[in-house]
file run.cif (mmCIF, C-alpha atoms and all ligand atoms)
data_structure
loop_
_atom_site.label_atom_id
_atom_site.label_comp_id
_atom_site.auth_asym_id
_atom_site.auth_seq_id
_atom_site.Cartn_x
_atom_site.Cartn_y
_atom_site.Cartn_z
CA MET A 315 128.75 199.03 254.69
CA HIS A 316 129.28 199.65 250.97
CA LYS A 317 126.82 201.95 249.30
CA LYS A 318 125.37 200.72 246.02
CA LEU A 319 127.34 201.90 242.99
CA VAL A 320 125.28 204.13 240.69
CA LEU A 321 126.23 204.72 237.06
CA ALA A 322 125.15 207.44 234.62
CA GLY A 323 126.71 209.18 231.64
CA VAL A 324 126.30 211.30 228.56
CA ILE A 325 125.85 209.90 225.05
CA GLY A 326 126.76 211.85 221.93
CA ASP A 327 129.01 212.02 218.90
CA PRO A 328 131.29 213.94 219.29
CA ILE A 329 131.42 213.77 223.09
CA SER A 330 134.95 214.67 224.22
CA HIS A 331 134.08 218.40 224.52
CA SER A 332 131.18 217.78 226.93
CA LYS A 333 131.43 219.57 230.28
CA SER A 334 128.84 217.27 231.87
CA PRO A 335 131.34 214.68 233.20
CA ILE A 336 133.25 217.41 235.10
CA LEU A 337 130.02 218.77 236.50
CA HIS A 338 128.61 215.44 237.67
CA ARG A 339 131.98 214.28 239.06
CA TYR A 340 132.08 217.44 241.15
CA TRP A 341 128.57 216.85 242.54
CA LEU A 342 129.25 213.13 243.16
CA ASP A 343 132.32 214.03 245.24
CA LYS A 344 130.58 216.90 247.07
CA ASN A 345 127.74 214.58 248.10
CA ALA A 346 130.00 211.56 248.81
CA ILE A 347 128.01 209.41 246.36
CA ASN A 348 129.40 206.07 245.22
CA GLY A 349 128.90 206.69 241.51
CA HIS A 350 130.38 207.46 238.11
CA TYR A 351 129.28 209.65 235.20
CA ILE A 352 130.90 208.57 231.95
CA PRO A 353 131.17 210.20 228.50
CA LEU A 354 130.04 207.65 225.89
CA LYS A 355 130.70 208.17 222.19
CA VAL A 356 127.84 206.50 220.36
CA GLN A 357 127.07 206.76 216.65
CA LYS A 358 123.57 207.36 215.32
CA ASN A 359 122.91 203.79 214.23
CA ASP A 360 124.00 202.26 217.53
CA ILE A 361 121.75 204.28 219.86
CA GLU A 362 118.95 201.70 220.12
CA LEU A 363 121.29 198.84 220.99
CA VAL A 364 123.21 200.99 223.49
CA LEU A 365 120.03 202.14 225.29
CA LYS A 366 118.93 198.50 225.59
CA THR A 367 122.30 197.44 226.95
CA LEU A 368 123.17 200.21 229.44
CA PRO A 369 120.56 199.27 232.09
CA LYS A 370 121.84 195.68 231.96
CA MET A 371 125.26 197.11 232.86
CA GLY A 372 123.92 198.96 235.90
CA PHE A 373 123.24 202.41 234.45
CA SER A 374 120.41 204.40 236.05
CA GLY A 375 120.16 206.89 233.22
CA VAL A 376 122.00 209.07 230.73
CA ASN A 377 122.04 212.51 229.22
CA VAL A 378 121.90 212.58 225.45
CA THR A 379 123.23 215.22 223.12
CA VAL A 380 123.83 215.71 219.37
CA PRO A 381 122.91 213.70 217.24
CA HIS A 382 120.53 211.70 219.47
CA LYS A 383 118.25 214.29 221.12
CA GLU A 384 115.39 213.82 218.67
CA SER A 385 115.75 210.17 217.66
CA VAL A 386 115.53 208.89 221.26
CA LEU A 387 111.90 210.03 221.45
CA LYS A 388 110.97 207.28 219.00
CA LEU A 389 112.55 204.69 221.29
CA ALA A 390 111.19 205.97 224.62
CA ASN A 391 108.57 204.13 226.69
CA GLU A 392 107.54 207.34 228.45
CA ILE A 393 107.90 210.92 227.25
CA THR A 394 107.47 213.84 229.65
CA GLN A 395 105.31 216.81 228.74
CA ASN A 396 108.43 219.01 228.36
CA ALA A 397 110.19 216.59 226.01
CA ARG A 398 107.03 216.24 223.95
CA GLN A 399 106.52 219.97 223.70
CA ILE A 400 110.16 220.68 222.81
CA GLY A 401 110.34 217.71 220.43
CA SER A 402 113.61 216.36 221.81
CA ALA A 403 115.11 214.87 224.97
CA ASN A 404 118.33 215.42 226.91
CA THR A 405 117.73 213.33 230.06
CA LEU A 406 116.82 209.62 230.00
CA THR A 407 116.03 207.47 233.03
CA PHE A 408 115.87 203.69 232.74
CA LEU A 409 112.62 202.25 234.10
CA PRO A 410 112.44 199.26 236.48
CA SER A 411 109.87 197.72 234.14
CA GLY A 412 112.26 198.04 231.16
CA GLY A 413 112.84 200.76 228.60
CA PHE A 414 113.31 204.40 229.53
CA LYS A 415 111.61 207.73 230.23
CA ALA A 416 112.68 210.68 228.06
CA ASP A 417 112.70 214.18 229.54
CA ASN A 418 113.95 217.55 228.32
CA THR A 419 115.39 219.87 230.97
CA ASP A 420 116.81 222.57 228.67
CA GLY A 421 113.80 224.85 229.05
CA TYR A 422 113.85 224.36 232.83
CA GLY A 423 117.56 225.25 232.84
CA PHE A 424 116.95 228.36 230.78
CA LEU A 425 114.16 229.59 233.04
CA LYS A 426 116.03 228.86 236.29
CA ASN A 427 119.02 230.77 234.97
CA LEU A 428 116.82 233.72 234.06
CA GLU A 429 114.94 233.73 237.39
CA GLU A 430 118.14 233.40 239.40
CA ASN A 431 119.91 236.26 237.66
CA ASP A 432 117.12 238.73 237.02
CA ALA A 433 115.08 239.42 240.16
CA THR A 434 112.83 241.82 238.25
CA TRP A 435 111.84 239.25 235.60
CA ASN A 436 108.10 239.05 235.18
CA PRO A 437 106.65 236.88 232.41
CA LEU A 438 103.54 239.01 232.20
CA ASN A 439 105.34 242.14 231.03
CA SER A 440 108.03 240.41 228.96
CA ARG A 441 108.49 241.23 225.29
CA VAL A 442 110.99 238.71 223.97
CA LEU A 443 113.07 238.45 220.80
CA ILE A 444 114.74 235.08 220.23
CA ILE A 445 117.51 234.69 217.67
CA GLY A 446 117.61 231.21 216.12
CA ALA A 447 115.08 228.49 215.33
CA GLY A 448 116.89 225.24 216.16
CA GLY A 449 116.53 222.80 219.03
CA ALA A 450 117.77 225.25 221.66
CA SER A 451 115.29 227.85 220.44
CA ARG A 452 112.43 225.34 220.79
CA ALA A 453 113.40 224.69 224.43
CA VAL A 454 113.52 228.44 225.22
CA ILE A 455 110.20 229.15 223.50
CA SER A 456 108.52 226.24 225.25
CA ALA A 457 109.75 227.38 228.69
CA LEU A 458 108.71 231.00 228.11
CA LEU A 459 105.25 230.05 226.82
CA ASN A 460 104.71 227.75 229.81
CA SER A 461 105.74 230.52 232.19
CA GLY A 462 103.05 232.81 230.79
CA VAL A 463 104.95 235.06 228.37
CA SER A 464 102.59 236.07 225.57
CA LYS A 465 104.86 238.23 223.42
CA ILE A 466 107.54 236.09 221.77
CA VAL A 467 109.07 237.00 218.44
CA ILE A 468 111.71 234.89 216.70
CA THR A 469 114.09 235.53 213.84
CA ASN A 470 116.32 233.11 211.97
CA ARG A 471 118.79 233.24 209.08
CA THR A 472 116.69 230.60 207.31
CA HIS A 473 113.29 232.28 207.47
CA GLU A 474 111.23 229.17 206.59
CA ARG A 475 112.63 227.37 209.63
CA ALA A 476 111.31 230.18 211.87
CA GLU A 477 107.93 229.97 210.11
CA GLY A 478 108.02 226.23 210.78
CA LEU A 479 108.47 226.91 214.50
CA LYS A 480 105.52 229.29 214.44
CA GLU A 481 103.34 226.44 213.17
CA TYR A 482 104.96 224.03 215.64
CA PHE A 483 103.93 226.32 218.52
CA GLU A 484 100.42 226.75 217.12
CA ARG A 485 100.97 230.37 216.11
CA LYS A 486 101.58 231.49 219.68
CA ILE A 487 104.77 233.23 218.51
CA ASP A 488 105.55 235.71 215.73
CA VAL A 489 108.33 235.74 213.17
CA ILE A 490 110.30 238.70 211.80
CA LYS A 491 112.81 238.68 208.95
CA TRP A 492 116.52 238.24 209.73
CA ASN A 493 117.29 241.77 208.44
CA GLU A 494 114.57 243.33 210.61
CA LYS A 495 115.97 242.24 213.96
CA GLU A 496 118.06 245.35 214.68
CA GLN A 497 115.19 247.79 214.31
CA PHE A 498 112.98 245.46 216.35
CA LEU A 499 115.27 245.76 219.39
CA LYS A 500 113.52 248.93 220.55
CA LYS A 501 110.29 246.97 221.07
CA ILE A 502 111.62 244.34 223.46
CA ASN A 503 112.87 243.92 227.04
CA ILE A 504 114.39 240.42 226.69
CA LEU A 505 116.81 239.30 223.98
CA VAL A 506 118.03 235.69 223.70
CA ASN A 507 120.69 234.30 221.37
CA THR A 508 120.05 230.59 220.87
CA THR A 509 122.40 230.17 217.89
CA SER A 510 126.02 229.09 218.07
CA LEU A 511 127.09 232.46 216.63
CA GLY A 512 129.69 234.06 218.90
CA MET A 513 130.98 230.72 220.17
CA LEU A 514 134.71 230.09 220.06
CA GLY A 515 135.45 228.80 216.56
CA SER A 516 132.09 229.95 215.14
CA LYS A 517 131.17 233.06 213.17
CA LYS A 518 130.26 236.37 214.83
CA LEU A 519 126.67 237.34 215.52
CA ASN A 520 127.07 240.82 213.95
CA LEU A 521 124.18 242.53 215.69
CA SER A 522 124.21 246.27 216.32
CA LEU A 523 122.49 247.07 219.60
CA SER A 524 122.22 250.81 218.92
CA SER A 525 118.43 250.85 219.27
CA ILE A 526 118.17 248.55 222.32
CA ASN A 527 116.54 249.89 225.51
CA LYS A 528 118.76 249.78 228.56
CA ASP A 529 116.07 247.99 230.57
CA THR A 530 116.52 244.98 228.26
CA THR A 531 117.91 241.75 229.72
CA VAL A 532 120.23 240.04 227.24
CA LEU A 533 120.85 236.29 227.47
CA ASP A 534 123.33 234.30 225.45
CA LEU A 535 123.13 230.48 225.46
CA VAL A 536 126.78 230.44 224.36
CA TYR A 537 129.12 230.03 227.37
CA ASN A 538 132.46 229.64 225.58
CA PRO A 539 133.62 232.42 225.82
CA ILE A 540 131.71 233.17 228.98
CA LYS A 541 131.34 236.83 228.06
CA THR A 542 130.43 236.82 224.38
CA VAL A 543 130.68 239.89 222.14
CA LEU A 544 126.87 240.13 222.38
CA LEU A 545 127.02 240.31 226.18
CA GLN A 546 129.91 242.81 226.09
CA ASP A 547 127.97 245.07 223.71
CA ALA A 548 124.84 244.73 225.82
CA GLU A 549 126.76 245.81 228.92
CA LYS A 550 128.07 248.85 227.06
CA HIS A 551 124.47 249.79 226.34
CA GLY A 552 123.60 249.53 230.04
CA CYS A 553 121.62 246.27 229.69
CA LYS A 554 121.52 243.46 232.22
CA THR A 555 123.34 240.39 230.87
CA ILE A 556 123.10 236.66 231.66
CA ASP A 557 125.62 234.15 230.34
CA GLY A 558 124.86 230.61 229.18
CA LEU A 559 126.75 228.72 231.88
CA GLY A 560 123.86 228.92 234.36
CA MET A 561 121.56 227.16 231.89
CA LEU A 562 124.11 224.38 231.39
CA LEU A 563 124.36 223.89 235.17
CA HIS A 564 120.62 224.05 235.87
CA GLN A 565 119.62 221.69 233.04
CA ALA A 566 121.86 219.04 234.62
CA THR A 567 120.29 219.05 238.09
CA PRO A 568 117.06 217.07 237.40
CA GLY A 569 119.02 214.16 235.88
CA PHE A 570 121.48 214.07 238.77
CA ASN A 571 118.54 214.05 241.18
CA GLU A 572 116.77 211.20 239.34
CA TRP A 573 119.82 208.97 239.08
CA PHE A 574 121.81 209.75 242.23
CA GLY A 575 118.95 210.79 244.53
CA ILE A 576 120.14 214.28 245.54
CA LYS A 577 119.29 217.66 244.04
CA PRO A 578 122.70 219.33 243.64
CA ILE A 579 123.33 222.98 244.54
CA ILE A 580 124.79 225.41 242.04
CA THR A 581 127.60 227.45 243.53
CA SER A 582 130.20 229.94 242.27
CA GLU A 583 132.78 227.20 242.89
CA ILE A 584 131.25 224.87 240.29
CA ARG A 585 131.03 227.77 237.83
CA LYS A 586 134.75 228.39 238.31
CA ARG A 587 135.54 224.69 237.95
CA ILE A 588 133.72 224.43 234.63
CA LEU A 589 135.33 227.60 233.32
CA THR A 590 138.86 226.50 234.15
CA GLN A 591 138.71 222.87 232.96
P1 LIG B 601 120.69 223.80 218.40
O1 LIG B 601 120.06 222.48 218.73
O2 LIG B 601 121.93 224.11 219.19
O3 LIG B 601 119.72 224.92 218.43
P2 LIG B 601 120.51 223.65 215.52
O4 LIG B 601 119.19 222.96 215.65
O5 LIG B 601 121.49 223.13 214.55
O6 LIG B 601 121.26 223.64 216.91
O7 LIG B 601 120.24 225.23 215.25
C1 LIG B 601 121.29 226.11 215.02
C2 LIG B 601 120.75 227.54 214.98
O8 LIG B 601 121.86 228.42 214.76
C3 LIG B 601 119.80 227.79 213.82
O9 LIG B 601 118.89 228.81 214.18
C4 LIG B 601 120.76 228.26 212.73
O10 LIG B 601 120.17 229.02 211.70
P3 LIG B 601 119.67 228.28 210.34
O11 LIG B 601 118.36 227.63 210.68
O12 LIG B 601 119.55 229.38 209.34
O13 LIG B 601 120.74 227.28 209.98
C5 LIG B 601 121.68 229.13 213.55
N1 LIG B 601 122.95 229.36 212.87
C6 LIG B 601 124.01 228.50 212.79
N2 LIG B 601 125.01 229.05 212.05
C7 LIG B 601 124.55 230.27 211.63
C8 LIG B 601 125.11 231.33 210.85
N3 LIG B 601 126.36 231.25 210.34
N4 LIG B 601 124.37 232.44 210.65
C9 LIG B 601 123.12 232.55 211.17
N5 LIG B 601 122.53 231.58 211.92
C10 LIG B 601 123.25 230.46 212.16
#

call {"tool": "encode", "arguments": {"input": "run.cif", "output": "structure tokens"}}
result
Amino acid sequence: MHKKLVLAGVIGDPISHSKSPILHRYWLDKNAINGHYIPLKVQKNDIELVLKTLPKMGFSGVNVTVPHKESVLKLANEITQNARQIGSANTLTFLPSGGFKADNTDGYGFLKNLEENDATWNPLNSRVLIIGAGGASRAVISALLNSGVSKIVITNRTHERAEGLKEYFERKIDVIKWNEKEQFLKKINILVNTTSLGMLGSKKLNLSLSSINKDTTVLDLVYNPIKTVLLQDAEKHGCKTIDGLGMLLHQATPGFNEWFGIKPIITSEIRKRILTQ
């Protein structure tokens, strides 16, 4: 008997760099699912038409990335609590009654990656500094606040944007100036880079860790290169480090589960596959 064909994909512009098709293909094969996960290059103005058309073509859902993560919220029929709190979506599921549900799994992915790699992590004694105030920062802040962390400080090159996030999160976080971040390192035990600084082809982060405590866990959302200069420096200072690949893998699992009906397992094999392709 033929199993029903299930379709999903990822929508963005550009899209050719996305690792998601490799990841989902791997899980489809591992679980012997009759399905496809397709990269779809869609321009800003076409998103509404495309999201109306895809379910008619048999798609169960899609991931969305730049530049659609925020605009899809205006088109959604249902918005999950996480997507609402973060202010953007990355995982859409088409509804049997028409339209789609918008979810954001970035914060979930961040937290899973942290929990999995730092057995000692305890939200109640966490003092966190987050670098950056963009969409990725919003997802990290949201996840940490929901998990019970009460001390979150952010810093951003464009200070007003960080102040904007403070208002967005109802003043539950604090902001320090961009040039104060190095001296602030002695007050924290979790450091997160949410900017693209340190990514292949981007500028360096340029952060001296000389005053960091060695009991600090340092996370970088950048995973290309897998061991960023920030993580190398942190290791030299005796800190625990967590790379960004785990977050990428974990944020993908809820969508796969919704569309294909199985919660995939994250293994060292899939990490290797993503790193070598
Ligand atoms: P994302 O959704 O990935 O978070 P974004 O919303 O464009 O992307 O945010 C990018 C983040 O990287 C911002 O915090 C940005 O700082 P600004 O708000 O000052 O632009 C930060 N960033 C990007 N390039 C930077 C650079 N050269 N120096 C410092 N920060 C940079």

call {"tool": "residues_around", "arguments": {"input": "run.cif", "residues": "Leu511 in chain A", "least_positions_apart": "6", "cutoff": "12 Å", "atoms": "only C-alpha atoms", "output": "list in words"}}
result
Ile445, Gly446, Asn470, Arg471, Lys517, Lys518, Leu519, Asn520, Leu521, Asp534, Leu535, Val536, Tyr537, Asn538, Pro539, Thr542, Val543 and Leu544 of chain A

call {"tool": "residues_near_ligand", "arguments": {"input": "run.cif", "ligand": "ligand LIG 601 (chain B)", "cutoff": "10 Å", "atoms": "only C-alpha atoms and all ligand atoms", "output": "PDB file with C-alpha atoms, in the frame of the given file"}}
result
ATOM      1  CA  THR A 379     123.230 215.220 223.120  1.00  0.00           C
ATOM      2  CA  VAL A 380     123.830 215.710 219.370  1.00  0.00           C
ATOM      3  CA  PRO A 381     122.910 213.700 217.240  1.00  0.00           C
ATOM      4  CA  LYS A 383     118.250 214.290 221.120  1.00  0.00           C
ATOM      5  CA  GLU A 384     115.390 213.820 218.670  1.00  0.00           C
ATOM      6  CA  SER A 402     113.610 216.360 221.810  1.00  0.00           C
ATOM      7  CA  ILE A 444     114.740 235.080 220.230  1.00  0.00           C
ATOM      8  CA  ILE A 445     117.510 234.690 217.670  1.00  0.00           C
ATOM      9  CA  GLY A 446     117.610 231.210 216.120  1.00  0.00           C
ATOM     10  CA  ALA A 447     115.080 228.490 215.330  1.00  0.00           C
ATOM     11  CA  GLY A 448     116.890 225.240 216.160  1.00  0.00           C
ATOM     12  CA  GLY A 449     116.530 222.800 219.030  1.00  0.00           C
ATOM     13  CA  ALA A 450     117.770 225.250 221.660  1.00  0.00           C
ATOM     14  CA  SER A 451     115.290 227.850 220.440  1.00  0.00           C
ATOM     15  CA  ARG A 452     112.430 225.340 220.790  1.00  0.00           C
ATOM     16  CA  ALA A 453     113.400 224.690 224.430  1.00  0.00           C
ATOM     17  CA  VAL A 454     113.520 228.440 225.220  1.00  0.00           C
ATOM     18  CA  ILE A 468     111.710 234.890 216.700  1.00  0.00           C
ATOM     19  CA  THR A 469     114.090 235.530 213.840  1.00  0.00           C
ATOM     20  CA  ASN A 470     116.320 233.110 211.970  1.00  0.00           C
ATOM     21  CA  ARG A 471     118.790 233.240 209.080  1.00  0.00           C
ATOM     22  CA  THR A 472     116.690 230.600 207.310  1.00  0.00           C
ATOM     23  CA  HIS A 473     113.290 232.280 207.470  1.00  0.00           C
ATOM     24  CA  GLU A 474     111.230 229.170 206.590  1.00  0.00           C
ATOM     25  CA  ARG A 475     112.630 227.370 209.630  1.00  0.00           C
ATOM     26  CA  ALA A 476     111.310 230.180 211.870  1.00  0.00           C
ATOM     27  CA  TRP A 492     116.520 238.240 209.730  1.00  0.00           C
ATOM     28  CA  ASN A 507     120.690 234.300 221.370  1.00  0.00           C
ATOM     29  CA  THR A 508     120.050 230.590 220.870  1.00  0.00           C
ATOM     30  CA  THR A 509     122.400 230.170 217.890  1.00  0.00           C
ATOM     31  CA  SER A 510     126.020 229.090 218.070  1.00  0.00           C
ATOM     32  CA  LEU A 511     127.090 232.460 216.630  1.00  0.00           C
ATOM     33  CA  GLY A 512     129.690 234.060 218.900  1.00  0.00           C
ATOM     34  CA  SER A 516     132.090 229.950 215.140  1.00  0.00           C
ATOM     35  CA  LYS A 517     131.170 233.060 213.170  1.00  0.00           C
ATOM     36  CA  LYS A 518     130.260 236.370 214.830  1.00  0.00           C
ATOM     37  CA  LEU A 519     126.670 237.340 215.520  1.00  0.00           C
ATOM     38  CA  ASN A 520     127.070 240.820 213.950  1.00  0.00           C
ATOM     39  CA  LEU A 535     123.130 230.480 225.460  1.00  0.00           C
ATOM     40  CA  VAL A 536     126.780 230.440 224.360  1.00  0.00           C
TER      41      VAL A 536
END

call {"tool": "atom_distance", "arguments": {"input": "run.cif", "atom1": "CA of Lys426 in chain A", "atom2": "CA of Asn439 in chain A"}}
result
17.8 Å

call {"tool": "atom_distance", "arguments": {"input": "run.cif", "atom1": "CA of Glu494 in chain A", "atom2": "CA of Ser525 in chain A"}}
result
12.1 Å

call {"tool": "atom_distance", "arguments": {"input": "run.cif", "atom1": "CA of Lys486 in chain A", "atom2": "CA of Ser461 in chain A"}}
result
13.2 Å

call {"tool": "residues_around", "arguments": {"input": "run.cif", "residues": "Thr407 in chain A", "least_positions_apart": "2", "cutoff": "6 Å", "atoms": "only C-alpha atoms", "output": "VMD selection string"}}
result
chain A and resid 375 414 to 415

call {"tool": "write_last_selection", "arguments": {"input": "run.cif", "atoms": "C-alpha atoms", "output": "mmCIF file, in the coordinates of the input"}}
result
data_model
loop_
_atom_site.group_PDB
_atom_site.id
_atom_site.type_symbol
_atom_site.label_atom_id
_atom_site.label_comp_id
_atom_site.auth_asym_id
_atom_site.auth_seq_id
_atom_site.Cartn_x
_atom_site.Cartn_y
_atom_site.Cartn_z
ATOM 1 C CA GLY A 375 120.160 206.890 233.220
ATOM 2 C CA PHE A 414 113.310 204.400 229.530
ATOM 3 C CA LYS A 415 111.610 207.730 230.230
#

call {"tool": "closest_residue", "arguments": {"input": "run.cif", "among": "A:Pro437, A:Gly569, A:Gly515, A:Pro353", "to": "Ile329 in chain A", "atoms": "all atoms listed in the file"}}
result
A:Pro353

call {"tool": "closest_residue", "arguments": {"input": "run.cif", "among": "A:Thr530, A:Gln546, A:Ser332, A:Gln591", "to": "Thr434 in chain A", "atoms": "only C-alpha atoms"}}
result
A:Thr530

call {"tool": "residues_around", "arguments": {"input": "run.cif", "residues": "Leu458 in chain A", "least_positions_apart": "6", "cutoff": "9 Å", "atoms": "all atoms listed in the file", "output": "VMD selection string"}}
result
chain A and resid 421 425 437 464 466

call {"tool": "write_last_selection", "arguments": {"input": "run.cif", "atoms": "C-alpha atoms", "output": "CSV table (one decimal), in the coordinates of the input"}}
result
chain,number,residue,atom,x,y,z
A,421,GLY,CA,113.8,224.8,229.0
A,425,LEU,CA,114.2,229.6,233.0
A,437,PRO,CA,106.6,236.9,232.4
A,464,SER,CA,102.6,236.1,225.6
A,466,ILE,CA,107.5,236.1,221.8

call {"tool": "decode", "arguments": {"input": "run.cif", "residues": "range 405-423 of chain A", "atoms": "N, CA, C and O atoms", "output": "short mmCIF file (atom, residue, chain, number, x, y, z; two decimals), in the first residue's frame"}}
result
data_model
loop_
_atom_site.label_atom_id
_atom_site.label_comp_id
_atom_site.auth_asym_id
_atom_site.auth_seq_id
_atom_site.Cartn_x
_atom_site.Cartn_y
_atom_site.Cartn_z
N THR A 405 7.61 28.78 11.66
CA THR A 405 7.01 27.47 11.36
C THR A 405 5.51 27.65 11.12
O THR A 405 4.78 28.04 12.04
N LEU A 406 5.05 27.38 9.91
CA LEU A 406 3.64 27.56 9.56
C LEU A 406 3.02 26.20 9.25
O LEU A 406 3.64 25.38 8.56
N THR A 407 1.82 25.98 9.75
CA THR A 407 1.10 24.74 9.45
C THR A 407 -0.25 25.10 8.85
O THR A 407 -1.01 25.88 9.44
N PHE A 408 -0.53 24.55 7.67
CA PHE A 408 -1.81 24.84 7.02
C PHE A 408 -2.94 24.13 7.77
O PHE A 408 -2.78 22.99 8.21
N LEU A 409 -4.06 24.84 7.93
CA LEU A 409 -5.17 24.32 8.73
C LEU A 409 -6.21 23.67 7.82
O LEU A 409 -6.45 24.16 6.71
N PRO A 410 -6.84 22.59 8.29
CA PRO A 410 -7.86 21.92 7.47
C PRO A 410 -9.01 22.87 7.11
O PRO A 410 -9.60 22.76 6.04
N SER A 411 -9.25 23.84 7.99
CA SER A 411 -10.36 24.77 7.74
C SER A 411 -9.94 25.93 6.83
O SER A 411 -10.74 26.83 6.57
N GLY A 412 -8.69 25.92 6.37
CA GLY A 412 -8.18 27.00 5.52
C GLY A 412 -7.25 27.90 6.32
O GLY A 412 -7.33 27.98 7.54
N GLY A 413 -6.36 28.59 5.60
CA GLY A 413 -5.41 29.47 6.27
C GLY A 413 -4.32 28.68 6.99
O GLY A 413 -4.13 27.48 6.74
N PHE A 414 -3.60 29.36 7.88
CA PHE A 414 -2.49 28.66 8.55
C PHE A 414 -2.28 29.17 9.97
O PHE A 414 -2.70 30.26 10.33
N LYS A 415 -1.59 28.30 10.74
CA LYS A 415 -1.17 28.63 12.11
C LYS A 415 0.30 29.03 12.06
O LYS A 415 1.10 28.37 11.40
N ALA A 416 0.64 30.13 12.74
CA ALA A 416 2.03 30.60 12.76
C ALA A 416 2.64 30.35 14.13
O ALA A 416 2.09 30.76 15.15
N ASP A 417 3.80 29.67 14.14
CA ASP A 417 4.49 29.38 15.40
C ASP A 417 5.92 29.86 15.28
O ASP A 417 6.45 30.04 14.17
N ASN A 418 6.56 30.09 16.42
CA ASN A 418 7.99 30.41 16.41
C ASN A 418 8.69 29.42 17.33
O ASN A 418 8.39 29.37 18.53
N THR A 419 9.62 28.65 16.78
CA THR A 419 10.30 27.60 17.54
C THR A 419 11.76 27.96 17.83
O THR A 419 12.51 27.14 18.34
N ASP A 420 12.16 29.19 17.52
CA ASP A 420 13.56 29.59 17.73
C ASP A 420 13.93 29.59 19.22
O ASP A 420 15.01 29.14 19.61
N GLY A 421 13.03 30.11 20.04
CA GLY A 421 13.29 30.17 21.48
C GLY A 421 13.36 28.76 22.07
O GLY A 421 14.23 28.45 22.88
N TYR A 422 12.45 27.90 21.61
CA TYR A 422 12.45 26.49 22.02
C TYR A 422 13.79 25.85 21.65
O TYR A 422 14.41 25.15 22.46
N GLY A 423 14.24 26.10 20.42
CA GLY A 423 15.50 25.53 19.95
C GLY A 423 16.68 26.01 20.78
O GLY A 423 17.57 25.23 21.14
#
